[in-house]
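Worksheet: the structure to be examined is printed underneath.
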Amino acid sequence: MRWSSFIGPLATLAACLVAGAALAITPVTDLERSATRQAIAAQLGPSHSYALLIGISDFDDPAWRDLAGVAPEIGKVGAALTNQGFTIVPESHVGRLDHAGLKTAIEHFFSTYGANAEDRLVVYIATHGFADPSIPNADGYLIASDAAAPAGGKVKNGYSVDELSAALTSIAAQHVFLFFDSCFSGAMLPEPTRAADTILAGKPELALSKETAAWTLSLLAHNARLVLTAGNASQSVPDIDNPFSAAVVDALSGAADADGDGLTLGTEIAQFVRGRVARATRLAGAANDPVFAVLPKLVAPLEPRPDVPNPDRVDYALQGDFIFLTPGGPKASAEAGISEQEALLADREARLIDGQFTACLDCPTMVKLPGTEPQLALASTEITYAQWDACFRESACHRYLPDDGFGRGDRPAGNVTWLDALEYVTWLGTKPTKDQPCVGYRLPTEAEWNAAALYGTAGPVTWAEAVADTSPVCWGCGAGEDGTAAVRTASLPANAAGLYDMVGNLWEWVDGAGAAACDLTAIRQSGACVPGRVMGGSFATRADALATIGDGGLAPRTGNDRPWSSPTIGMRVACEVTGG
């Protein structure tokens, strides 16, 4: 909780897809599915699944207010974990707990219940947290009852990340999931990796088929140490009606099973919680962005799981994932080899026309631009909030872009910094590439953007002509266009190339001169680069402000420690196309 709050028609489609899939693959019988679920439940090992729940609600120093919401929160989380087969250990505690007691409880839990490779450990701690956001790589602290007020970035009698890291080093348990309902930061929280993708790629097509048990055992044989916090170091997490704990409980109850296959992975829980909490807290007027991290453990256990065949062949450079069985089992579409996401994607792809394609359900629709060599494709619209939110849920995009109260969904995402844009195109590059013609997503160059904006014209087009011909979204361009906000993408007709809002709605970042010297590494290290180019005008551009469509502007290019952004600036992605 609680950081520096110290005082101061889909069903029909799915049925059709399921019927079609059943012709190509042999369905799994109910008996086989039940047997597989039992086998996975045995792998998860109820006798090796333990949870330590600590809620600290009472504090000695008036710098930390008491937390009335902790006790009911711990009760609800405990019930959800019990339903997942976890034993809530006697060391769990709610109320007053000093630093010595907190340290002893955590260390005793790890040493007692984490002695074997197959042990699955969950630690859920609800208390205040502290890390000084003005200090790079500042120590993070969980606040015990006897903790003093922060001084110089330190907290006397705060439980630090160093203590937690030390407690983790000696345990044999391969799977550990740490939930901190606090704003807890520090050097122990590295970027989440996607190394598990190599393992995830081998996931069986049919939900809970007999192959699924072997796949889950492979995942369990790899180390998985996950951390999920309620917010970052500069945010304040609410005590009463806490959306973090509510999201965790819902996730454990099955809501996070994104593909509906009957298995809920730790990364699915993290994505579900990040998206739910970021949205809910902003609607409540206080932003929280849960932090998800993967703590690397790249060595084999001294004694591997007894049920793993050929443990000497396990590649411990790959990270596994925490696994929960989804209450209620898989959804009907997943039982036939089609996840809910795949069904929605198939529906979306069926609506595309020639020259359009997309890499994933939440990816932009790309449009091939005829006559370009090598052939270029651009996103049909500016990147939307829905598309951005998918990147945020997966922790590849670090900022939850504000919508200033105008709504999200298919509205174009504004307030995009240069670093935001680079993180987004990097995330797109991780999406599935099977049968997709894109070679590397990126921002369009200024020349490419102009060619796309002017496609089908005989030459440069004046802004006045564009306003008259295409009715772009700009200040004074039409009835009700008063420069207040962008409108939903594709609200107005596309240009001759099939691209929407090339003129107006949002300015769009382009890969202009000097952009190569301002890549992800450079902008993260320096925090700022020379100004970059934006093109196309926005909803706040006056109808008579620009001479031609090709007139661009300059905008500061910053990282996100001290971000410069504007609600008028967004982005559109490009890629080169293979296979004509």
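Letters A, B, ... go to the chains of the structure tokens in the order shown; residues in each chain start at 1; ligands are counted from 1 in the same order.
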Env of region 550-563 of chain A: 9 Å cut, atoms = only C-alpha atoms, seq-sep filter 3 positions within chain, self excluded. Answer as a ChimeraX atom specification. /A:398-399,417-420,446,449-450,453-454,460-463,507,509,518,520,523-537,546-547,569
Could you save those same residues with N, CA and C atoms as an mmCIF file, in the first residue's frame?
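Now in out.cif:
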data_model
loop_
_atom_site.group_PDB
_atom_site.id
_atom_site.type_symbol
_atom_site.label_atom_id
_atom_site.label_comp_id
_atom_site.auth_asym_id
_atom_site.auth_seq_id
_atom_site.Cartn_x
_atom_site.Cartn_y
_atom_site.Cartn_z
ATOM 1 N N HIS A 398 6.702 0.857 -20.570
ATOM 2 C CA HIS A 398 6.747 1.102 -19.138
ATOM 3 C C HIS A 398 5.709 2.108 -18.652
ATOM 4 N N ARG A 399 5.249 2.988 -19.521
ATOM 5 C CA ARG A 399 4.299 4.021 -19.071
ATOM 6 C C ARG A 399 2.885 3.650 -19.499
ATOM 7 N N THR A 417 6.116 9.665 -25.727
ATOM 8 C CA THR A 417 7.478 10.180 -25.761
ATOM 9 C C THR A 417 8.275 9.416 -26.821
ATOM 10 N N TRP A 418 9.472 9.921 -27.087
ATOM 11 C CA TRP A 418 10.356 9.220 -28.028
ATOM 12 C C TRP A 418 10.685 7.828 -27.494
ATOM 13 N N LEU A 419 10.972 7.715 -26.196
ATOM 14 C CA LEU A 419 11.276 6.404 -25.620
ATOM 15 C C LEU A 419 10.062 5.495 -25.703
ATOM 16 N N ASP A 420 8.877 6.029 -25.448
ATOM 17 C CA ASP A 420 7.660 5.227 -25.602
ATOM 18 C C ASP A 420 7.590 4.616 -27.000
ATOM 19 N N GLU A 446 10.899 10.197 -42.507
ATOM 20 C CA GLU A 446 10.137 11.359 -42.950
ATOM 21 C C GLU A 446 9.728 11.214 -44.407
ATOM 22 N N TRP A 449 6.954 8.656 -44.693
ATOM 23 C CA TRP A 449 5.699 9.218 -44.207
ATOM 24 C C TRP A 449 5.077 10.132 -45.263
ATOM 25 N N ASN A 450 5.897 10.966 -45.884
ATOM 26 C CA ASN A 450 5.389 11.869 -46.916
ATOM 27 C C ASN A 450 4.834 11.106 -48.106
ATOM 28 N N ALA A 453 1.497 9.787 -47.067
ATOM 29 C CA ALA A 453 0.493 10.837 -46.904
ATOM 30 C C ALA A 453 0.054 11.399 -48.244
ATOM 31 N N LEU A 454 0.981 11.451 -49.213
ATOM 32 C CA LEU A 454 0.690 12.050 -50.516
ATOM 33 C C LEU A 454 0.348 11.007 -51.573
ATOM 34 N N PRO A 460 2.910 17.847 -54.077
ATOM 35 C CA PRO A 460 2.586 18.382 -52.743
ATOM 36 C C PRO A 460 1.147 18.882 -52.672
ATOM 37 N N VAL A 461 0.555 18.670 -51.522
ATOM 38 C CA VAL A 461 -0.815 19.099 -51.279
ATOM 39 C C VAL A 461 -0.792 20.128 -50.157
ATOM 40 N N THR A 462 -1.424 21.246 -50.409
ATOM 41 C CA THR A 462 -1.448 22.263 -49.359
ATOM 42 C C THR A 462 -2.363 21.801 -48.232
ATOM 43 N N TRP A 463 -2.104 22.336 -47.060
ATOM 44 C CA TRP A 463 -2.934 22.002 -45.901
ATOM 45 C C TRP A 463 -4.382 22.407 -46.173
ATOM 46 N N TRP A 507 -0.108 14.452 -34.261
ATOM 47 C CA TRP A 507 1.226 14.464 -34.851
ATOM 48 C C TRP A 507 1.836 13.075 -34.679
ATOM 49 N N TRP A 509 5.427 10.698 -34.655
ATOM 50 C CA TRP A 509 6.882 10.623 -34.660
ATOM 51 C C TRP A 509 7.382 9.956 -35.946
ATOM 52 N N CYS A 518 19.846 8.134 -31.418
ATOM 53 C CA CYS A 518 18.919 8.262 -30.288
ATOM 54 C C CYS A 518 18.091 6.988 -30.174
ATOM 55 N N LEU A 520 17.232 3.101 -28.300
ATOM 56 C CA LEU A 520 16.796 2.789 -26.948
ATOM 57 C C LEU A 520 17.906 2.965 -25.920
ATOM 58 N N ILE A 523 18.829 6.843 -25.469
ATOM 59 C CA ILE A 523 17.843 7.679 -24.786
ATOM 60 C C ILE A 523 17.708 7.273 -23.323
ATOM 61 N N ARG A 524 17.878 5.988 -23.019
ATOM 62 C CA ARG A 524 17.817 5.569 -21.623
ATOM 63 C C ARG A 524 19.032 6.051 -20.841
ATOM 64 N N GLN A 525 20.183 6.097 -21.504
ATOM 65 C CA GLN A 525 21.392 6.530 -20.811
ATOM 66 C C GLN A 525 21.444 8.042 -20.653
ATOM 67 N N SER A 526 21.081 8.760 -21.703
ATOM 68 C CA SER A 526 21.232 10.214 -21.682
ATOM 69 C C SER A 526 20.003 10.928 -21.131
ATOM 70 N N GLY A 527 18.829 10.297 -21.275
ATOM 71 C CA GLY A 527 17.601 10.927 -20.815
ATOM 72 C C GLY A 527 17.001 11.899 -21.803
ATOM 73 N N ALA A 528 17.777 12.312 -22.810
ATOM 74 C CA ALA A 528 17.268 13.253 -23.820
ATOM 75 C C ALA A 528 18.204 13.250 -25.013
ATOM 76 N N CYS A 529 17.646 13.512 -26.196
ATOM 77 C CA CYS A 529 18.417 13.673 -27.423
ATOM 78 C C CYS A 529 17.997 14.996 -28.065
ATOM 79 N N VAL A 530 18.618 15.310 -29.179
ATOM 80 C CA VAL A 530 18.208 16.511 -29.898
ATOM 81 C C VAL A 530 16.759 16.347 -30.338
ATOM 82 N N PRO A 531 16.030 17.429 -30.537
ATOM 83 C CA PRO A 531 14.620 17.313 -30.944
ATOM 84 C C PRO A 531 14.441 16.457 -32.192
ATOM 85 N N GLY A 532 13.289 15.778 -32.282
ATOM 86 C CA GLY A 532 12.984 14.922 -33.414
ATOM 87 C C GLY A 532 11.796 15.436 -34.199
ATOM 88 N N ARG A 533 11.569 14.794 -35.348
ATOM 89 C CA ARG A 533 10.529 15.244 -36.256
ATOM 90 C C ARG A 533 9.194 14.584 -35.943
ATOM 91 N N VAL A 534 8.129 15.384 -36.036
ATOM 92 C CA VAL A 534 6.758 14.894 -35.997
ATOM 93 C C VAL A 534 6.053 15.418 -37.230
ATOM 94 N N MET A 535 5.103 14.635 -37.747
ATOM 95 C CA MET A 535 4.470 14.965 -39.021
ATOM 96 C C MET A 535 2.955 14.901 -38.915
ATOM 97 N N GLY A 536 2.285 15.697 -39.755
ATOM 98 C CA GLY A 536 0.873 15.509 -40.022
ATOM 99 C C GLY A 536 -0.111 16.409 -39.313
ATOM 100 N N GLY A 537 0.326 17.191 -38.332
ATOM 101 C CA GLY A 537 -0.625 18.017 -37.619
ATOM 102 C C GLY A 537 -1.472 17.215 -36.647
ATOM 103 N N LEU A 546 -0.502 25.340 -41.405
ATOM 104 C CA LEU A 546 0.587 24.739 -42.162
ATOM 105 C C LEU A 546 0.435 25.040 -43.648
ATOM 106 N N ALA A 547 1.582 25.113 -44.321
ATOM 107 C CA ALA A 547 1.542 25.395 -45.747
ATOM 108 C C ALA A 547 1.182 24.135 -46.540
ATOM 109 N N ILE A 569 0.686 14.365 -29.626
ATOM 110 C CA ILE A 569 1.718 13.580 -30.324
ATOM 111 C C ILE A 569 1.521 12.092 -30.068
#
Sel. of strand (DSSP E or B) residues, region 244-442 of chain A, as a PyMOL selection string: chain A and resi 263-265+292-294+323-325+356-357+366-369+376-379+384+412+438-442
Could you save the residues just selected, with C-alpha atoms, as a PDB file, in the first residue's frame?
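Saved to result_36.pdb:
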ATOM      1  CA  LEU A 263      -3.619 -23.090 -16.974  1.00  0.00           C
ATOM      2  CA  THR A 264      -2.900 -19.673 -15.492  1.00  0.00           C
ATOM      3  CA  LEU A 265       0.746 -18.671 -15.749  1.00  0.00           C
ATOM      4  CA  PHE A 292       6.655  -6.990 -12.663  1.00  0.00           C
ATOM      5  CA  ALA A 293      10.126  -8.467 -12.499  1.00  0.00           C
ATOM      6  CA  VAL A 294      11.831 -11.789 -13.109  1.00  0.00           C
ATOM      7  CA  ILE A 323       1.723 -22.303 -12.925  1.00  0.00           C
ATOM      8  CA  PHE A 324      -1.745 -22.363 -11.393  1.00  0.00           C
ATOM      9  CA  LEU A 325      -4.655 -24.541 -12.490  1.00  0.00           C
ATOM     10  CA  GLN A 356      -3.681  -5.805 -45.023  1.00  0.00           C
ATOM     11  CA  PHE A 357      -2.266  -8.051 -42.297  1.00  0.00           C
ATOM     12  CA  MET A 366      -0.613  -3.044 -41.464  1.00  0.00           C
ATOM     13  CA  VAL A 367      -1.282  -1.848 -45.027  1.00  0.00           C
ATOM     14  CA  LYS A 368       1.074  -2.551 -47.906  1.00  0.00           C
ATOM     15  CA  LEU A 369       1.945   0.642 -49.730  1.00  0.00           C
ATOM     16  CA  LEU A 376       6.723  -0.782 -47.305  1.00  0.00           C
ATOM     17  CA  ALA A 377       3.785  -1.304 -44.983  1.00  0.00           C
ATOM     18  CA  LEU A 378       2.379   1.274 -42.564  1.00  0.00           C
ATOM     19  CA  ALA A 379      -0.151   0.897 -39.784  1.00  0.00           C
ATOM     20  CA  THR A 384      -4.451   3.254 -30.317  1.00  0.00           C
ATOM     21  CA  PRO A 412      -5.231   7.246 -30.871  1.00  0.00           C
ATOM     22  CA  CYS A 438       6.869  -7.749 -41.774  1.00  0.00           C
ATOM     23  CA  VAL A 439      10.642  -7.545 -41.455  1.00  0.00           C
ATOM     24  CA  GLY A 440      11.250  -5.583 -38.289  1.00  0.00           C
ATOM     25  CA  TYR A 441       8.843  -2.942 -37.032  1.00  0.00           C
ATOM     26  CA  ARG A 442      10.095   0.638 -36.806  1.00  0.00           C
TER      27      ARG A 442
END
Counting only C-alpha atoms, which residues of region 72-186 of chain A fall within 12 Å of region 314-321 of chain A, and what is the closest atom pair for each with its distance in Å at one decimal, ordered by chain and rising number, as a tab-separated table?
residue	atom	partner	partner_atom	distance
A:Arg120	CA	A:Asp321	CA	11.2
A:Gln174	CA	A:Gly320	CA	9.0
A:His175	CA	A:Asp321	CA	7.6
A:Val176	CA	A:Asp321	CA	9.4
A:Phe177	CA	A:Asp321	CA	9.5
Please produce an output containing N, CA and C atoms for each residue in the selection, written as a PDB file, in the first residue's frame.
ATOM      1  N   ARG A 120       6.874 -24.956  -4.205  1.00  0.00           N
ATOM      2  CA  ARG A 120       6.294 -23.764  -4.833  1.00  0.00           C
ATOM      3  C   ARG A 120       5.913 -22.807  -3.719  1.00  0.00           C
ATOM      4  N   GLN A 174      12.539 -23.944  -6.757  1.00  0.00           N
ATOM      5  CA  GLN A 174      12.729 -23.345  -8.074  1.00  0.00           C
ATOM      6  C   GLN A 174      11.670 -22.302  -8.409  1.00  0.00           C
ATOM      7  N   HIS A 175      10.481 -22.426  -7.832  1.00  0.00           N
ATOM      8  CA  HIS A 175       9.381 -21.532  -8.192  1.00  0.00           C
ATOM      9  C   HIS A 175       8.958 -20.708  -6.977  1.00  0.00           C
ATOM     10  N   VAL A 176       9.174 -19.395  -7.089  1.00  0.00           N
ATOM     11  CA  VAL A 176       8.843 -18.458  -6.022  1.00  0.00           C
ATOM     12  C   VAL A 176       8.110 -17.272  -6.645  1.00  0.00           C
ATOM     13  N   PHE A 177       6.965 -16.896  -6.069  1.00  0.00           N
ATOM     14  CA  PHE A 177       6.207 -15.746  -6.561  1.00  0.00           C
ATOM     15  C   PHE A 177       6.020 -14.808  -5.373  1.00  0.00           C
TER      16      PHE A 177
END
Can you list every residue in region 276-420 of chain A that DSSP puts in alpha helix (DSSP H), as a PyMOL selection string? chain A and resi 276-283+332-335+340-350+385-393+418-420
One decimal, Å: what's the distance from CA of Lys154 (chain A) over to CA of Asp98 (chain A), could you say?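 Between these atoms lies a distance of 16.7 Å.
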Of the candidates A:Pro330, A:Gly202, A:Gly129, A:Pro306, which one gets nearest to Ser236 (chain A) if we count only C-alpha atoms?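 Answer, going by the shortest atom-to-atom distance: A:Gly129.
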Report, in Å with one decimal, the straight-line distance from CA of Ala413 (chain A) to CA of Ile383 (chain A).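 Between CA of Ala413 (chain A) and CA of Ile383 (chain A) the gap is 6.0 Å.
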Within 9 Å of Trp388 (chain A) using only C-alpha atoms, minus same-chain residues under 5 positions, as a PyMOL selection string: chain A and resi 362-363+383+393+397+400-401+413+424
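Distances from A:Ala233, A:Asn157, A:Ala494, A:Asp60 to Tyr455 (chain A) were compared using only C-alpha atoms, and the smallest one belongs to A:Ala494.
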